[in-house]
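Listing of protein_27.txt; format and content: compact mmCIF, C-alpha atoms.
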# COMPACT_ATOMS: atom_id res chain seq x y z
CA MET A 1 7.90 17.35 200.86
CA LEU A 2 10.93 19.40 201.79
CA GLY A 3 13.61 16.92 200.63
CA ARG A 4 12.19 16.48 197.16
CA LYS A 5 13.59 18.50 194.24
CA PRO A 6 11.24 20.11 191.74
CA VAL A 7 10.86 18.26 188.44
CA GLN A 8 12.79 21.00 186.61
CA GLU A 9 15.93 20.11 188.59
CA HIS A 10 15.98 16.72 186.89
CA LEU A 11 15.92 18.24 183.40
CA LYS A 12 19.38 19.79 183.46
CA PRO A 13 21.54 19.96 180.30
CA GLU A 14 23.42 16.81 181.34
CA VAL A 15 20.17 14.87 181.01
CA MET A 16 18.52 16.81 178.17
CA PRO A 17 21.42 18.32 176.20
CA THR A 18 20.96 20.69 173.33
CA THR A 19 23.41 21.61 170.63
CA SER A 20 25.20 24.94 170.74
CA SER A 21 23.46 28.15 169.73
CA ALA A 22 24.29 27.62 166.05
CA PRO A 23 21.13 26.82 164.07
CA SER A 24 20.49 23.13 163.60
CA LEU A 25 20.40 23.43 159.79
CA ALA A 26 23.86 25.00 159.72
CA LEU A 27 25.20 22.21 161.94
CA ALA A 28 23.52 19.55 159.80
CA GLN A 29 25.07 21.20 156.73
CA ARG A 30 28.47 21.17 158.43
CA ALA A 31 28.09 17.47 159.31
CA ALA A 32 27.17 16.74 155.69
CA GLN A 33 30.23 18.67 154.48
CA ILE A 34 32.53 16.77 156.84
CA ALA A 35 31.04 13.51 155.53
CA LEU A 36 31.66 14.66 151.94
CA ASP A 37 35.21 15.67 152.85
CA THR A 38 35.67 12.07 154.04
CA LYS A 39 34.46 10.81 150.63
CA ALA A 40 30.96 9.83 151.77
CA GLN A 41 28.57 9.01 148.95
CA ASP A 42 24.94 10.01 148.34
CA VAL A 43 24.82 12.55 151.17
CA VAL A 44 21.26 13.79 151.81
CA ILE A 45 19.74 16.12 154.40
CA LEU A 46 16.08 15.62 155.30
CA ASP A 47 14.15 18.42 157.02
CA LEU A 48 12.00 16.70 159.64
CA ARG A 49 10.59 19.87 161.20
CA GLY A 50 6.83 19.58 161.02
CA VAL A 51 7.06 15.83 160.36
CA THR A 52 8.28 14.66 163.78
CA ASP A 53 9.31 16.17 167.10
CA MET A 54 12.20 13.75 167.62
CA THR A 55 14.78 15.85 165.73
CA ASP A 56 14.97 18.64 163.16
CA PHE A 57 17.16 17.03 160.49
CA PHE A 58 18.58 13.72 159.32
CA VAL A 59 21.90 13.68 157.52
CA ILE A 60 22.12 10.42 155.60
CA ALA A 61 25.33 9.22 153.94
CA SER A 62 26.94 6.04 152.66
CA GLY A 63 30.43 4.69 153.04
CA THR A 64 31.93 2.20 150.63
CA SER A 65 32.74 -0.33 153.37
CA ASP A 66 32.38 -0.86 157.12
CA THR A 67 35.78 0.76 157.65
CA HIS A 68 34.82 3.76 155.53
CA ALA A 69 31.49 4.19 157.37
CA ARG A 70 33.37 4.12 160.70
CA ALA A 71 35.88 6.69 159.41
CA ILE A 72 33.10 9.02 158.24
CA GLY A 73 31.39 8.75 161.64
CA GLU A 74 34.64 9.39 163.50
CA HIS A 75 35.42 12.44 161.36
CA VAL A 76 31.93 13.92 161.87
CA ILE A 77 32.23 13.40 165.64
CA ALA A 78 35.72 14.95 165.80
CA GLY A 79 34.95 17.82 163.43
CA LEU A 80 31.79 18.96 165.16
CA LYS A 81 33.30 18.51 168.63
CA LYS A 82 36.21 20.73 167.57
CA GLU A 83 33.65 23.33 166.47
CA GLY A 84 31.80 23.20 169.80
CA SER A 85 29.03 20.68 169.07
CA PRO A 86 29.79 17.35 170.74
CA VAL A 87 27.75 14.28 169.88
CA HIS A 88 25.14 13.29 172.46
CA HIS A 89 24.85 9.58 171.63
CA VAL A 90 26.60 7.14 169.27
CA GLU A 91 25.41 3.76 168.00
CA GLY A 92 27.06 1.29 165.63
CA LEU A 93 30.48 2.92 165.34
CA GLU A 94 32.29 -0.29 166.31
CA LYS A 95 30.87 -2.36 163.46
CA GLY A 96 30.38 0.37 160.87
CA ARG A 97 27.33 -1.13 159.20
CA TRP A 98 24.97 1.66 160.35
CA VAL A 99 26.57 4.45 162.35
CA LEU A 100 24.06 6.69 164.14
CA LEU A 101 25.28 9.98 165.62
CA ASP A 102 22.67 11.82 167.69
CA PHE A 103 23.39 15.54 168.06
CA VAL A 104 19.83 16.07 169.45
CA ASP A 105 18.74 18.74 166.92
CA PHE A 106 19.96 16.56 164.05
CA VAL A 107 20.94 12.92 163.61
CA VAL A 108 23.63 11.64 161.25
CA HIS A 109 23.16 8.18 159.72
CA VAL A 110 26.15 6.64 157.93
CA PHE A 111 25.36 3.37 156.20
CA HIS A 112 27.15 0.55 154.51
CA PRO A 113 25.54 0.68 151.01
CA THR A 114 23.67 -2.63 151.37
CA LEU A 115 22.04 -1.52 154.63
CA ARG A 116 21.09 1.86 153.22
CA SER A 117 19.23 0.24 150.35
CA PHE A 118 17.61 -2.23 152.76
CA TYR A 119 16.33 0.34 155.29
CA GLN A 120 15.56 3.11 152.78
CA LEU A 121 15.29 5.93 155.31
CA GLU A 122 14.60 8.45 152.55
CA ARG A 123 11.53 6.45 151.54
CA LEU A 124 10.46 5.87 155.14
CA TRP A 125 10.63 9.63 155.77
CA ALA A 126 9.21 10.60 152.36
CA ASP A 127 7.11 13.35 153.96
CA ALA A 128 10.31 15.19 154.87
CA GLU A 129 11.65 17.76 152.46
CA SER A 130 15.14 17.18 151.06
CA VAL A 131 17.54 20.05 151.72
CA PRO A 132 20.39 20.69 149.27
CA VAL A 133 23.81 20.03 150.78
CA GLU A 134 25.71 23.28 150.59
CA PRO A 135 29.28 24.05 151.65
CA VAL A 136 29.39 25.82 155.00
CA ALA A 137 31.92 28.62 155.38
CA SER A 138 34.24 27.68 158.22
CA GLY A 139 37.41 29.73 158.01
CA THR A 140 39.44 26.65 157.04
CA ALA A 141 40.26 25.55 153.54
Could you write out this structure as structure tokens?
Amino acid sequence: MLGRKPVQEHLKPEVMPTTSSAPSLALAQRAAQIALDTKAQDVVILDLRGVTDMTDFFVIASGTSDTHARAIGEHVIAGLKKEGSPVHHVEGLEKGRWVLLDFVDFVVHVFHPTLRSFYQLERLWADAESVPVEPVASGTA
């Protein structure tokens, strides 16, 4: 059919975005550092490569309240956008109980402490290796 576009035309970056060329681990590390800078607690990075195809890394953090969880999420969004990696999808930011930030190659989960202990993502994804959170050099102090 002449009027029909090939399938590849429908898979443009607007539909299937990817993060910038920076490696996904470095971006996950940067997200974790931003969360720590916003006083997040119990920040963990899980390496999901080889465990699932849905994403490469989870960054999991806790806030001390709904407001704190929202603030952590907002700072991660703003910080990574400023560095050229905008968030693809956001869930839960309004309520702050479980904020999910999907950057495609990695996903940031910010929990209210009671929900984190209830859902236990680290236990659910126990096959994933934990990656130490390390400061990422970023030219700013």
**Message:** Let me make sure I understand: among A:Arg123, A:Arg70, A:His112, A:His75, which one has the smallest atom-to-atom distance to Gln41 in chain A if we use only C-alpha atoms?
**Reply:**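 Of A:Arg123, A:Arg70, A:His112, A:His75, the one nearest Gln41 in chain A, counting only C-alpha atoms, is A:His112.
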**Message:** Need to verify the contact set: Ile77 in chain A, 7 Å, all atoms listed in the file, exclusion of same-chain residues closer than 4 positions in sequence. Can you return it as a PyMOL selection string?
**Reply:** chain A and resi 73+81+86-87
Selection: 10 Å around range 118-121 of chain A, only C-alpha atoms, excl. self and same-chain fewer than 3 positions, as a PDB file with C-alpha atoms, keeping the file's coordinate frame:
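And here's around38.pdb as it stands now:
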ATOM      1  CA  LEU A  46      16.080  15.620 155.300  1.00  0.00           C
ATOM      2  CA  PHE A  58      18.580  13.720 159.320  1.00  0.00           C
ATOM      3  CA  ILE A  60      22.120  10.420 155.600  1.00  0.00           C
ATOM      4  CA  HIS A 109      23.160   8.180 159.720  1.00  0.00           C
ATOM      5  CA  PHE A 111      25.360   3.370 156.200  1.00  0.00           C
ATOM      6  CA  PRO A 113      25.540   0.680 151.010  1.00  0.00           C
ATOM      7  CA  THR A 114      23.670  -2.630 151.370  1.00  0.00           C
ATOM      8  CA  LEU A 115      22.040  -1.520 154.630  1.00  0.00           C
ATOM      9  CA  LEU A 124      10.460   5.870 155.140  1.00  0.00           C
ATOM     10  CA  TRP A 125      10.630   9.630 155.770  1.00  0.00           C
ATOM     11  CA  ALA A 126       9.210  10.600 152.360  1.00  0.00           C
TER      12      ALA A 126
END
**Message:** One number please: CA of Leu36 in chain A to CA of Thr55 in chain A, in Å, one decimal.
**Reply:**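 According to the coordinates, CA of Leu36 in chain A and CA of Thr55 in chain A are separated by 21.8 Å.
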**Request:** For CA of Thr64 in chain A and CA of Ala31 in chain A, determine how far apart the two atoms are, in Å to one decimal place.
**Result:** 18.0 Å
